[in-house]
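J.: Okay, so here is query.txt, and as you'll see once you scroll down, it has compact mmCIF, N, CA and C atoms.
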```txt
# COMPACT_ATOMS: atom_id res chain seq x y z
N MET A 1 -3.30 12.32 -18.20
CA MET A 1 -3.98 13.58 -18.14
C MET A 1 -4.87 13.60 -16.91
N GLU A 2 -5.06 14.76 -16.35
CA GLU A 2 -5.88 14.91 -15.16
C GLU A 2 -7.34 15.09 -15.57
N VAL A 3 -8.23 14.34 -14.91
CA VAL A 3 -9.66 14.41 -15.17
C VAL A 3 -10.36 14.69 -13.84
N LYS A 4 -11.22 15.71 -13.82
CA LYS A 4 -12.03 16.02 -12.64
C LYS A 4 -13.49 15.83 -13.03
N ILE A 5 -14.22 15.08 -12.20
CA ILE A 5 -15.62 14.81 -12.47
C ILE A 5 -16.44 15.32 -11.30
N GLY A 6 -17.34 16.23 -11.58
CA GLY A 6 -18.28 16.69 -10.57
C GLY A 6 -19.51 15.80 -10.59
N VAL A 7 -19.93 15.35 -9.41
CA VAL A 7 -21.09 14.46 -9.30
C VAL A 7 -22.18 15.20 -8.53
N GLN A 8 -23.39 15.16 -9.06
CA GLN A 8 -24.52 15.82 -8.41
C GLN A 8 -24.75 15.23 -7.03
N HIS A 9 -25.07 16.09 -6.07
CA HIS A 9 -25.38 15.71 -4.69
C HIS A 9 -24.19 15.07 -3.98
N ALA A 10 -22.98 15.33 -4.44
CA ALA A 10 -21.76 14.84 -3.78
C ALA A 10 -20.90 16.06 -3.46
N PRO A 11 -20.42 16.16 -2.22
CA PRO A 11 -19.66 17.36 -1.84
C PRO A 11 -18.28 17.46 -2.47
N ARG A 12 -17.71 16.34 -2.90
CA ARG A 12 -16.36 16.36 -3.46
C ARG A 12 -16.38 15.88 -4.90
N GLU A 13 -15.43 16.39 -5.67
CA GLU A 13 -15.30 15.93 -7.05
C GLU A 13 -14.37 14.72 -7.09
N ILE A 14 -14.47 13.95 -8.16
CA ILE A 14 -13.59 12.81 -8.39
C ILE A 14 -12.43 13.31 -9.23
N VAL A 15 -11.20 13.08 -8.77
CA VAL A 15 -10.01 13.50 -9.50
C VAL A 15 -9.17 12.26 -9.78
N LEU A 16 -8.77 12.08 -11.04
CA LEU A 16 -7.95 10.93 -11.39
C LEU A 16 -6.95 11.32 -12.47
N GLU A 17 -5.86 10.59 -12.49
CA GLU A 17 -4.86 10.71 -13.55
C GLU A 17 -5.11 9.56 -14.51
N SER A 18 -5.53 9.88 -15.72
CA SER A 18 -5.88 8.85 -16.70
C SER A 18 -4.78 8.71 -17.74
N GLY A 19 -4.56 7.48 -18.14
CA GLY A 19 -3.61 7.20 -19.22
C GLY A 19 -4.27 7.33 -20.58
N GLN A 20 -5.58 7.53 -20.61
CA GLN A 20 -6.31 7.67 -21.85
C GLN A 20 -6.05 9.06 -22.44
N SER A 21 -6.20 9.16 -23.76
CA SER A 21 -6.02 10.46 -24.41
C SER A 21 -7.24 11.34 -24.15
N ALA A 22 -7.08 12.63 -24.40
CA ALA A 22 -8.18 13.57 -24.22
C ALA A 22 -9.35 13.21 -25.12
N GLU A 23 -9.07 12.74 -26.33
CA GLU A 23 -10.12 12.38 -27.26
C GLU A 23 -10.91 11.17 -26.75
N GLU A 24 -10.22 10.18 -26.18
CA GLU A 24 -10.89 8.99 -25.64
C GLU A 24 -11.79 9.36 -24.47
N VAL A 25 -11.30 10.21 -23.58
CA VAL A 25 -12.09 10.62 -22.42
C VAL A 25 -13.29 11.44 -22.89
N GLU A 26 -13.08 12.35 -23.81
CA GLU A 26 -14.17 13.17 -24.32
C GLU A 26 -15.23 12.32 -25.01
N ARG A 27 -14.82 11.32 -25.76
CA ARG A 27 -15.76 10.42 -26.43
C ARG A 27 -16.58 9.63 -25.41
N ALA A 28 -15.93 9.14 -24.34
CA ALA A 28 -16.63 8.39 -23.30
C ALA A 28 -17.65 9.26 -22.58
N VAL A 29 -17.28 10.51 -22.29
CA VAL A 29 -18.20 11.45 -21.64
C VAL A 29 -19.37 11.77 -22.56
N ALA A 30 -19.10 12.02 -23.83
CA ALA A 30 -20.15 12.35 -24.79
C ALA A 30 -21.13 11.18 -24.94
N ASP A 31 -20.62 9.96 -25.00
CA ASP A 31 -21.49 8.78 -25.11
C ASP A 31 -22.37 8.64 -23.87
N ALA A 32 -21.81 8.88 -22.70
CA ALA A 32 -22.59 8.76 -21.46
C ALA A 32 -23.67 9.84 -21.41
N LEU A 33 -23.34 11.07 -21.77
CA LEU A 33 -24.31 12.15 -21.72
C LEU A 33 -25.38 12.04 -22.81
N ALA A 34 -25.03 11.40 -23.92
CA ALA A 34 -26.00 11.22 -25.01
C ALA A 34 -26.94 10.05 -24.75
N GLY A 35 -26.67 9.29 -23.70
CA GLY A 35 -27.54 8.16 -23.37
C GLY A 35 -27.15 6.86 -24.02
N LYS A 36 -26.00 6.82 -24.69
CA LYS A 36 -25.55 5.57 -25.32
C LYS A 36 -25.12 4.54 -24.29
N THR A 37 -24.63 5.02 -23.14
CA THR A 37 -24.27 4.14 -22.03
C THR A 37 -24.85 4.74 -20.75
N GLN A 38 -25.09 3.90 -19.75
CA GLN A 38 -25.64 4.39 -18.50
C GLN A 38 -24.55 4.81 -17.52
N LEU A 39 -23.30 4.36 -17.77
CA LEU A 39 -22.19 4.67 -16.88
C LEU A 39 -21.06 5.32 -17.66
N LEU A 40 -20.42 6.30 -17.03
CA LEU A 40 -19.16 6.83 -17.54
C LEU A 40 -18.07 5.96 -16.93
N SER A 41 -17.30 5.30 -17.75
CA SER A 41 -16.26 4.40 -17.28
C SER A 41 -14.90 4.89 -17.77
N LEU A 42 -14.02 5.21 -16.81
CA LEU A 42 -12.67 5.67 -17.13
C LEU A 42 -11.66 4.83 -16.35
N ALA A 43 -10.47 4.69 -16.90
CA ALA A 43 -9.40 3.96 -16.23
C ALA A 43 -8.32 4.94 -15.79
N ASP A 44 -7.80 4.75 -14.57
CA ASP A 44 -6.71 5.62 -14.12
C ASP A 44 -5.37 4.97 -14.46
N GLU A 45 -4.28 5.66 -14.13
CA GLU A 45 -2.95 5.18 -14.48
C GLU A 45 -2.56 3.90 -13.75
N LYS A 46 -3.22 3.60 -12.64
CA LYS A 46 -2.91 2.40 -11.87
C LYS A 46 -3.76 1.21 -12.30
N GLY A 47 -4.59 1.40 -13.33
CA GLY A 47 -5.41 0.32 -13.84
C GLY A 47 -6.77 0.17 -13.19
N ARG A 48 -7.10 1.06 -12.25
CA ARG A 48 -8.41 1.01 -11.61
C ARG A 48 -9.46 1.61 -12.52
N ARG A 49 -10.70 1.15 -12.39
CA ARG A 49 -11.82 1.67 -13.16
C ARG A 49 -12.67 2.57 -12.28
N ILE A 50 -13.05 3.72 -12.82
CA ILE A 50 -13.93 4.64 -12.13
C ILE A 50 -15.24 4.65 -12.91
N LEU A 51 -16.34 4.35 -12.22
CA LEU A 51 -17.66 4.30 -12.85
C LEU A 51 -18.55 5.36 -12.21
N VAL A 52 -19.15 6.19 -13.05
CA VAL A 52 -20.05 7.24 -12.57
C VAL A 52 -21.35 7.13 -13.35
N PRO A 53 -22.50 7.08 -12.67
CA PRO A 53 -23.77 7.06 -13.39
C PRO A 53 -23.90 8.31 -14.27
N ALA A 54 -24.27 8.10 -15.52
CA ALA A 54 -24.33 9.21 -16.48
C ALA A 54 -25.31 10.29 -16.07
N ASP A 55 -26.40 9.90 -15.42
CA ASP A 55 -27.40 10.91 -15.04
C ASP A 55 -26.99 11.71 -13.81
N ARG A 56 -25.86 11.40 -13.19
CA ARG A 56 -25.37 12.13 -12.02
C ARG A 56 -24.18 13.03 -12.32
N ILE A 57 -23.72 13.06 -13.56
CA ILE A 57 -22.56 13.87 -13.93
C ILE A 57 -22.96 15.34 -13.95
N ALA A 58 -22.26 16.16 -13.16
CA ALA A 58 -22.50 17.60 -13.16
C ALA A 58 -21.57 18.30 -14.15
N TYR A 59 -20.29 17.92 -14.15
CA TYR A 59 -19.32 18.48 -15.08
C TYR A 59 -18.11 17.56 -15.17
N VAL A 60 -17.35 17.72 -16.25
CA VAL A 60 -16.09 17.00 -16.44
C VAL A 60 -15.06 18.02 -16.90
N GLU A 61 -13.94 18.07 -16.21
CA GLU A 61 -12.86 18.99 -16.56
C GLU A 61 -11.64 18.18 -16.98
N LEU A 62 -11.14 18.47 -18.17
CA LEU A 62 -9.96 17.78 -18.69
C LEU A 62 -8.77 18.73 -18.65
N GLY A 63 -7.64 18.24 -18.21
CA GLY A 63 -6.45 19.07 -18.15
C GLY A 63 -5.20 18.23 -18.21
N GLU A 64 -4.09 18.89 -18.33
CA GLU A 64 -2.80 18.22 -18.34
C GLU A 64 -2.37 17.92 -16.91
N PRO A 65 -1.59 16.87 -16.70
CA PRO A 65 -1.11 16.59 -15.34
C PRO A 65 -0.15 17.67 -14.87
N ALA A 66 -0.21 17.97 -13.59
CA ALA A 66 0.69 18.97 -13.01
C ALA A 66 2.08 18.37 -12.89
N VAL A 67 3.07 19.14 -13.26
CA VAL A 67 4.44 18.69 -13.13
C VAL A 67 4.87 18.88 -11.68
N ARG A 68 5.31 17.81 -11.08
CA ARG A 68 5.73 17.90 -9.68
C ARG A 68 7.19 18.30 -9.61
N ARG A 69 7.46 19.31 -8.83
CA ARG A 69 8.83 19.78 -8.68
C ARG A 69 9.45 19.13 -7.46
N VAL A 70 10.68 18.69 -7.62
CA VAL A 70 11.39 18.04 -6.54
C VAL A 70 12.71 18.76 -6.34
N GLY A 71 13.06 18.98 -5.09
CA GLY A 71 14.35 19.60 -4.82
C GLY A 71 14.21 20.98 -4.26
N PHE A 72 15.36 21.59 -4.09
CA PHE A 72 15.42 22.92 -3.54
C PHE A 72 15.96 23.88 -4.57
N GLY A 73 15.66 25.11 -4.44
CA GLY A 73 16.23 26.10 -5.35
C GLY A 73 15.29 27.27 -5.52
N ALA A 74 15.80 28.28 -6.14
CA ALA A 74 15.01 29.48 -6.40
C ALA A 74 14.10 29.25 -7.59
N ILE A 75 12.95 29.88 -7.53
CA ILE A 75 11.99 29.74 -8.64
C ILE A 75 12.10 30.91 -9.55
```
Give the structure from the file, written as structure tokens.
T.:
Amino acid sequence: MEVKIGVQHAPREIVLESGQSAEEVERAVADALAGKTQLLSLADEKGRRILVPADRIAYVELGEPAVRRVGFGAI
């Protein structure tokens, strides 16, 4: 699933493709915003970890991954 994270005082958002379910990502974000953890920690599909300080999170957008079209043809 595609996750976009807006960070305060940063001109660009963080975009990653996560193998985690929407519920897992939502739970991690809720825990970070509630103060249970100081960092939002998510894993992408390549196994990398993305860490964002909880007090710097501006927004989190959850969505489905975009289907990439390959080939030629009429739409």
J.: Taking the point (-26.3, 7.8, -14.3) as given in the file, collect each protein or nucleic acid residue that comes within 8 Å of it, counting only N, CA and C atoms, and present the set as a list in words.
T.: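 Output of the proximity query reads Ala32, Thr37, Gln38, Leu39, Leu40, Val52, Pro53, Ala54, Asp55, Arg56 and Ile57 of chain A.
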J.: Report, in Å to a single decimal, how far apart CA of Glu61 (chain A) and CA of Val3 (chain A) are.
T.: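 It comes out at 5.8 Å.
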J.: So how many Å separate atom C of Gly47 (chain A) and atom C of Gly35 (chain A), to one decimal?
T.: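 Between atom C of Gly47 (chain A) and atom C of Gly35 (chain A) the gap works out to 24.0 Å.
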J.: Please identify all polymer residues within 9 Å of region 16-23 of chain A, counting only C-alpha atoms, omitting same-chain residues fewer than 2 positions from it, and present them as a PyMOL selection string.
T.: chain A and resi 1-5+14+25-28+42-47+50+62-63+65
J.: Chain A: which residues are strand (DSSP E or B) by DSSP, as a list of chain:residue names?
T.: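 Put together, the selection reads A:Glu2, A:Val3, A:Lys4, A:Ile5, A:Gly6, A:Val7, A:Ile14, A:Val15, A:Leu16, A:Glu17, A:Ser18, A:Leu39, A:Leu40, A:Ser41, A:Leu42, A:Ala43, A:Asp44, A:Arg49, A:Ile50, A:Leu51, A:Val52, A:Pro53, A:Ile57, A:Ala58, A:Tyr59, A:Val60, A:Glu61, A:Leu62, A:Gly63.
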J.: From the set A:Glu64, A:Lys36, A:Ser41, A:Ala58, which residue has the shortest atom-to-atom contact distance to His9 (chain A), counting only N, CA and C atoms?
T.: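 Of A:Glu64, A:Lys36, A:Ser41, A:Ala58, the one nearest His9 (chain A) is A:Ala58, counting only N, CA and C atoms.
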J.: Figure out the distance between atom C of Tyr59 (chain A) and CA of Leu33 (chain A), please, to one decimal in Å.
T.: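 Going from CA of Leu33 (chain A) over to atom C of Tyr59 (chain A), I get 10.5 Å.
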J.: Find the residue from A:Phe72, A:Gly6, A:Val15, A:Val60 that sits nearest to Val29 (chain A); use only C-alpha atoms when measuring.
T.: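 Looking at the shortest contact to Val29 (chain A), the residue is A:Val60.
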J.: As a PyMOL selection string, please: all residues of chain A that backbone DSSP puts in alpha helix (DSSP H).
T.: chain A and resi 22-33
J.: Around all the atoms of region 44-52 of chain A listed in the file, with 4 Å of room on each side, what axis-aligned box do you get, giving centre and edge lengths in Å to one decimal, as JSON?
T.:
```
{"center_x": -12.0, "center_y": 3.7, "center_z": -13.1, "size_x": 26.8, "size_y": 15.1, "size_z": 11.0}
```
J.: What would region 18-34 of chain A look like if you wrote it out as a PDB file, in the first residue's frame, with all heavy atoms included, from the block I just posted?
T.:
```pdb
ATOM      1  N   SER A  18       4.488   0.251   1.292  1.00  0.00           N
ATOM      2  CA  SER A  18       4.638  -0.589   2.472  1.00  0.00           C
ATOM      3  C   SER A  18       3.961  -1.934   2.258  1.00  0.00           C
ATOM      4  O   SER A  18       2.882  -2.007   1.669  1.00  0.00           O
ATOM      5  CB  SER A  18       4.023   0.110   3.689  1.00  0.00           C
ATOM      6  OG  SER A  18       4.108  -0.721   4.821  1.00  0.00           O
ATOM      7  N   GLY A  19       4.582  -2.965   2.774  1.00  0.00           N
ATOM      8  CA  GLY A  19       3.994  -4.296   2.742  1.00  0.00           C
ATOM      9  C   GLY A  19       3.056  -4.518   3.920  1.00  0.00           C
ATOM     10  O   GLY A  19       2.383  -5.545   3.995  1.00  0.00           O
ATOM     11  N   GLN A  20       3.010  -3.564   4.843  1.00  0.00           N
ATOM     12  CA  GLN A  20       2.145  -3.668   6.003  1.00  0.00           C
ATOM     13  C   GLN A  20       0.699  -3.390   5.592  1.00  0.00           C
ATOM     14  O   GLN A  20       0.442  -2.690   4.614  1.00  0.00           O
ATOM     15  CB  GLN A  20       2.572  -2.672   7.080  1.00  0.00           C
ATOM     16  CG  GLN A  20       3.960  -2.950   7.638  1.00  0.00           C
ATOM     17  CD  GLN A  20       4.449  -1.833   8.533  1.00  0.00           C
ATOM     18  OE1 GLN A  20       4.672  -0.736   8.059  1.00  0.00           O
ATOM     19  NE2 GLN A  20       4.605  -2.136   9.806  1.00  0.00           N
ATOM     20  N   SER A  21      -0.230  -3.925   6.370  1.00  0.00           N
ATOM     21  CA  SER A  21      -1.648  -3.676   6.077  1.00  0.00           C
ATOM     22  C   SER A  21      -2.022  -2.265   6.520  1.00  0.00           C
ATOM     23  O   SER A  21      -1.310  -1.622   7.293  1.00  0.00           O
ATOM     24  CB  SER A  21      -2.520  -4.697   6.820  1.00  0.00           C
ATOM     25  OG  SER A  21      -2.489  -4.447   8.211  1.00  0.00           O
ATOM     26  N   ALA A  22      -3.161  -1.795   6.044  1.00  0.00           N
ATOM     27  CA  ALA A  22      -3.644  -0.466   6.410  1.00  0.00           C
ATOM     28  C   ALA A  22      -3.868  -0.370   7.914  1.00  0.00           C
ATOM     29  O   ALA A  22      -3.582   0.657   8.533  1.00  0.00           O
ATOM     30  CB  ALA A  22      -4.930  -0.146   5.653  1.00  0.00           C
ATOM     31  N   GLU A  23      -4.342  -1.445   8.522  1.00  0.00           N
ATOM     32  CA  GLU A  23      -4.592  -1.452   9.957  1.00  0.00           C
ATOM     33  C   GLU A  23      -3.289  -1.329  10.740  1.00  0.00           C
ATOM     34  O   GLU A  23      -3.222  -0.620  11.748  1.00  0.00           O
ATOM     35  CB  GLU A  23      -5.346  -2.725  10.376  1.00  0.00           C
ATOM     36  CG  GLU A  23      -6.765  -2.796   9.864  1.00  0.00           C
ATOM     37  CD  GLU A  23      -6.849  -3.248   8.398  1.00  0.00           C
ATOM     38  OE1 GLU A  23      -5.896  -3.889   7.902  1.00  0.00           O
ATOM     39  OE2 GLU A  23      -7.860  -2.928   7.750  1.00  0.00           O
ATOM     40  N   GLU A  24      -2.231  -2.023  10.294  1.00  0.00           N
ATOM     41  CA  GLU A  24      -0.934  -1.950  10.970  1.00  0.00           C
ATOM     42  C   GLU A  24      -0.344  -0.544  10.883  1.00  0.00           C
ATOM     43  O   GLU A  24       0.175  -0.015  11.872  1.00  0.00           O
ATOM     44  CB  GLU A  24       0.045  -2.952  10.372  1.00  0.00           C
ATOM     45  CG  GLU A  24      -0.291  -4.392  10.660  1.00  0.00           C
ATOM     46  CD  GLU A  24       0.585  -5.362   9.887  1.00  0.00           C
ATOM     47  OE1 GLU A  24       0.996  -5.043   8.755  1.00  0.00           O
ATOM     48  OE2 GLU A  24       0.859  -6.446  10.439  1.00  0.00           O
ATOM     49  N   VAL A  25      -0.434   0.064   9.710  1.00  0.00           N
ATOM     50  CA  VAL A  25       0.093   1.414   9.529  1.00  0.00           C
ATOM     51  C   VAL A  25      -0.712   2.397  10.370  1.00  0.00           C
ATOM     52  O   VAL A  25      -0.155   3.257  11.060  1.00  0.00           O
ATOM     53  CB  VAL A  25       0.073   1.825   8.043  1.00  0.00           C
ATOM     54  CG1 VAL A  25       0.458   3.288   7.873  1.00  0.00           C
ATOM     55  CG2 VAL A  25       0.993   0.929   7.227  1.00  0.00           C
ATOM     56  N   GLU A  26      -2.023   2.271  10.350  1.00  0.00           N
ATOM     57  CA  GLU A  26      -2.872   3.167  11.124  1.00  0.00           C
ATOM     58  C   GLU A  26      -2.595   3.033  12.624  1.00  0.00           C
ATOM     59  O   GLU A  26      -2.547   4.028  13.341  1.00  0.00           O
ATOM     60  CB  GLU A  26      -4.343   2.855  10.833  1.00  0.00           C
ATOM     61  CG  GLU A  26      -5.296   3.861  11.416  1.00  0.00           C
ATOM     62  CD  GLU A  26      -6.738   3.623  10.971  1.00  0.00           C
ATOM     63  OE1 GLU A  26      -6.960   2.911   9.988  1.00  0.00           O
ATOM     64  OE2 GLU A  26      -7.634   4.180  11.644  1.00  0.00           O
ATOM     65  N   ARG A  27      -2.386   1.817  13.098  1.00  0.00           N
ATOM     66  CA  ARG A  27      -2.077   1.594  14.506  1.00  0.00           C
ATOM     67  C   ARG A  27      -0.739   2.230  14.881  1.00  0.00           C
ATOM     68  O   ARG A  27      -0.607   2.868  15.931  1.00  0.00           O
ATOM     69  CB  ARG A  27      -2.046   0.092  14.813  1.00  0.00           C
ATOM     70  CG  ARG A  27      -1.962  -0.221  16.292  1.00  0.00           C
ATOM     71  CD  ARG A  27      -2.064  -1.716  16.611  1.00  0.00           C
ATOM     72  NE  ARG A  27      -2.975  -2.433  15.746  1.00  0.00           N
ATOM     73  CZ  ARG A  27      -2.591  -3.363  14.853  1.00  0.00           C
ATOM     74  NH1 ARG A  27      -1.336  -3.684  14.719  1.00  0.00           N
ATOM     75  NH2 ARG A  27      -3.487  -3.985  14.106  1.00  0.00           N
ATOM     76  N   ALA A  28       0.278   2.099  14.013  1.00  0.00           N
ATOM     77  CA  ALA A  28       1.589   2.692  14.274  1.00  0.00           C
ATOM     78  C   ALA A  28       1.503   4.213  14.322  1.00  0.00           C
ATOM     79  O   ALA A  28       2.108   4.852  15.187  1.00  0.00           O
ATOM     80  CB  ALA A  28       2.588   2.243  13.206  1.00  0.00           C
ATOM     81  N   VAL A  29       0.730   4.807  13.409  1.00  0.00           N
ATOM     82  CA  VAL A  29       0.551   6.262  13.394  1.00  0.00           C
ATOM     83  C   VAL A  29      -0.194   6.717  14.644  1.00  0.00           C
ATOM     84  O   VAL A  29       0.199   7.693  15.296  1.00  0.00           O
ATOM     85  CB  VAL A  29      -0.200   6.709  12.118  1.00  0.00           C
ATOM     86  CG1 VAL A  29      -0.580   8.178  12.195  1.00  0.00           C
ATOM     87  CG2 VAL A  29       0.645   6.434  10.890  1.00  0.00           C
ATOM     88  N   ALA A  30      -1.249   6.008  15.017  1.00  0.00           N
ATOM     89  CA  ALA A  30      -2.032   6.370  16.200  1.00  0.00           C
ATOM     90  C   ALA A  30      -1.176   6.287  17.464  1.00  0.00           C
ATOM     91  O   ALA A  30      -1.262   7.169  18.335  1.00  0.00           O
ATOM     92  CB  ALA A  30      -3.253   5.473  16.322  1.00  0.00           C
ATOM     93  N   ASP A  31      -0.347   5.260  17.580  1.00  0.00           N
ATOM     94  CA  ASP A  31       0.532   5.124  18.745  1.00  0.00           C
ATOM     95  C   ASP A  31       1.535   6.269  18.804  1.00  0.00           C
ATOM     96  O   ASP A  31       1.807   6.811  19.877  1.00  0.00           O
ATOM     97  CB  ASP A  31       1.269   3.786  18.713  1.00  0.00           C
ATOM     98  CG  ASP A  31       0.361   2.600  19.017  1.00  0.00           C
ATOM     99  OD1 ASP A  31      -0.780   2.820  19.484  1.00  0.00           O
ATOM    100  OD2 ASP A  31       0.800   1.464  18.781  1.00  0.00           O
ATOM    101  N   ALA A  32       2.088   6.652  17.661  1.00  0.00           N
ATOM    102  CA  ALA A  32       3.061   7.745  17.631  1.00  0.00           C
ATOM    103  C   ALA A  32       2.399   9.067  18.006  1.00  0.00           C
ATOM    104  O   ALA A  32       2.946   9.848  18.794  1.00  0.00           O
ATOM    105  CB  ALA A  32       3.710   7.843  16.258  1.00  0.00           C
ATOM    106  N   LEU A  33       1.210   9.331  17.480  1.00  0.00           N
ATOM    107  CA  LEU A  33       0.526  10.588  17.768  1.00  0.00           C
ATOM    108  C   LEU A  33      -0.015  10.648  19.194  1.00  0.00           C
ATOM    109  O   LEU A  33      -0.159  11.727  19.761  1.00  0.00           O
ATOM    110  CB  LEU A  33      -0.596  10.831  16.758  1.00  0.00           C
ATOM    111  CG  LEU A  33      -0.136  11.050  15.315  1.00  0.00           C
ATOM    112  CD1 LEU A  33      -1.340  11.200  14.404  1.00  0.00           C
ATOM    113  CD2 LEU A  33       0.777  12.260  15.215  1.00  0.00           C
ATOM    114  N   ALA A  34      -0.310   9.486  19.776  1.00  0.00           N
ATOM    115  CA  ALA A  34      -0.812   9.445  21.153  1.00  0.00           C
ATOM    116  C   ALA A  34       0.318   9.558  22.173  1.00  0.00           C
ATOM    117  O   ALA A  34       0.063   9.660  23.373  1.00  0.00           O
ATOM    118  CB  ALA A  34      -1.592   8.157  21.384  1.00  0.00           C
TER     119      ALA A  34
END
```
